[in-house]
Amino acid sequence: MSRESALVSADWVEEHKSDANVVLIEVDEDVSAYDAGHIAGAIKLDWRDDLQDQVRRDFVNQQQFQELLSGRGVKNDDTVVLYGGNNNWFAAYAFWYFKLYGHGDVRLLDGGRKRWELDSRELTDEAVKREATEYVAAEPDLTIRAFRDEVGEAIGVKNLVDVRSPDEYAGRLLAPAHLPQEQAQRAGHIPTAASIPWSKAANDDGTFRSDEELKTLYADAGVDFGKDTIAYCRIGERSAHTWFVLHELLGQENVKNYDGSWTEWGSLVGVPVALGDEPGEA
Amino acid sequence: MCGAKKGGLDLKGVDVDKEAVIQGQVLRGDEPVGGAYVRLLDATGEFTAEVPTSATGHFRFFAKPGEWTLRTLAPKAEPVDRQVVAQYGAVAEVAVTV
């Protein structure tokens with residue numbers, strides 16, 4: 001778990017994208033982006049259709065993940081390189097799945113699609129077909145996934161990091177105004193959570209800030225690196241980005257992503273909620 | 001989903017009395033720039049949203065009334081900042097030249 005093992009540059013991708021054991025995978029919020037143009041050889045995962053259970057609110061289970069990757073032609077010993085739009089939010093979310101199901105070598109393309117496009121690097125609409133494999137997913141590693149009861153017990157005890165925008169944190173907004181879906185019943189944040197928007201961890205071009213800048217960012221916002229940490233946002237993808245920063249880039253142990261996030265917490269009956277710009281009391 | 005939609009200038013279906021719309025086009029000379037990235041920063045400079053421009057260089061945000069900064073990143077260009085005021089009942093149209 002370090003910048004060297006978890007992150008690759010665009011130059012690295014240019015050099016290695018045709019390697020037999022390297023699989024590029026694009027994961028976007030805008031699922032049509034891939035079809036308009038993708039890095040040569042990259043396959044696509046649809047965060048909603050491929051990565052979510054289509055009945056219950058949960059993401060794909062071990063069996064479903066195994067079948068998905070087998071069908072898309074990914075092998076257990078492949079080096080998987082994920083990238084996507086929106087500053088790699090959904091690519092980071094998928095990265096977290098790959099780690100959760102025990103994939104050995106998975107990396108994120110620094111800057112994702114945006115940096116690639118801003119560099120005027122090549123994209124193609126050429127279809128990609130990979131031969132099916134027999135991928136074996138491991139039991140989910142729940143040391144990186146938090147559920148609601150644990151989040152409740154973490155109030156005032158562990159680091160809680162709310163990575164949404166300041167207005168969402170304060171309860172002035174339930175969601176960006178043009179995206180009325182996936183809202184919680186109540187606005188606000190989990191008491192004692194620090195407000196550290198995901199965007200502070202990234203440069204304008206979507207690349208991650210330096211380790212030194214990142215350590216300062218979280219320490220100054222009140223994260224105690226001696227304690228366990230749980231990150232959350234609204235549906236768990238922006239917090240996967242922050243989970244990646246803390247767990248993979250900075251090598252912090254005991255960092256979990258609470259993918260239930262605000263859409264779950266803000267709809268639970270009887271749980272504490274804090275309003276305003278301050279973390280609030282336990 | 002947490003992000004924003006691709007922009008465009010057609011206001012069909014948009015209730016401008018209830019939405020503080022900021023929209024516009026990114027241009028290089030007279031040519032529209034598709035695939036640029038426009039970031040919406042709040043009055044404190046905090047990131048709020050980001051959209052890629054459409055093939056015709058258009059973008060749109062649904063903001064709150066107030067002062068905002070649009071930061072545009074385009075290939076082979078320096079970032080460009082533009083200040084804009086959003087309000088209900090009026091569409092803030094911004095042409096960004098890179």
# chains A, B, ... in the order shown; residues from 1 in each chain; ligands from 1

$ interface_residues --of "chain B" --to "chain A" --cutoff "7 Å" --atoms "only C-alpha atoms" --output "list in words"
Cys2, Phe47, Thr48, Phe62, Ala74 and Pro75 of chain B

$ select_by_dssp --residues "stretch 15-233 of chain A" --states "strand (DSSP E or B)" --output "JSON, numbers by chain"
{"A": [22, 23, 24, 25, 26, 27, 28, 38, 43, 44, 45, 46, 52, 59, 79, 80, 81, 82, 83, 105, 106, 107, 108, 109, 124, 145, 159, 160, 161, 162, 189, 194, 195, 202, 208, 229, 230, 231, 232]}

$ closest_residue --among "B:Val96, B:Val91, B:Phe59, B:Thr72" --to "B:Val38" --atoms "only C-alpha atoms"
B:Thr72

$ closest_residue --among "B:Ala95, B:Val80, B:Leu70, B:Ile22" --to "B:Arg39" --atoms "only C-alpha atoms"
B:Leu70

$ residues_around --residues "B:Gly89" --least-positions-apart "2" --cutoff "7 Å" --atoms "only C-alpha atoms" --output "number ranges by chain"
B: 16-17, 87, 91

$ write_last_selection --atoms "C-alpha atoms" --output "short mmCIF file (atom, residue, chain, number, x, y, z; two decimals), in the first residue's frame"
data_model
loop_
_atom_site.label_atom_id
_atom_site.label_comp_id
_atom_site.auth_asym_id
_atom_site.auth_seq_id
_atom_site.Cartn_x
_atom_site.Cartn_y
_atom_site.Cartn_z
CA VAL B 16 -35.36 29.06 -14.46
CA ASP B 17 -37.49 30.56 -11.69
CA GLN B 87 -29.71 34.18 -9.48
CA VAL B 91 -29.74 32.51 -16.76
#

$ atom_distance --atom1 "atom CA of B:Thr44" --atom2 "atom CA of A:Gly171"
17.7 Å

$ residues_around --residues "B:Ala92" --least-positions-apart "4" --cutoff "10 Å" --atoms "only C-alpha atoms" --output "PyMOL selection string"
chain B and resi 20-24+60-61+84-88

$ closest_residue --among "B:Lys64, B:Arg28, B:Lys76, B:Lys12" --to "A:Leu173" --atoms "only C-alpha atoms"
B:Lys64
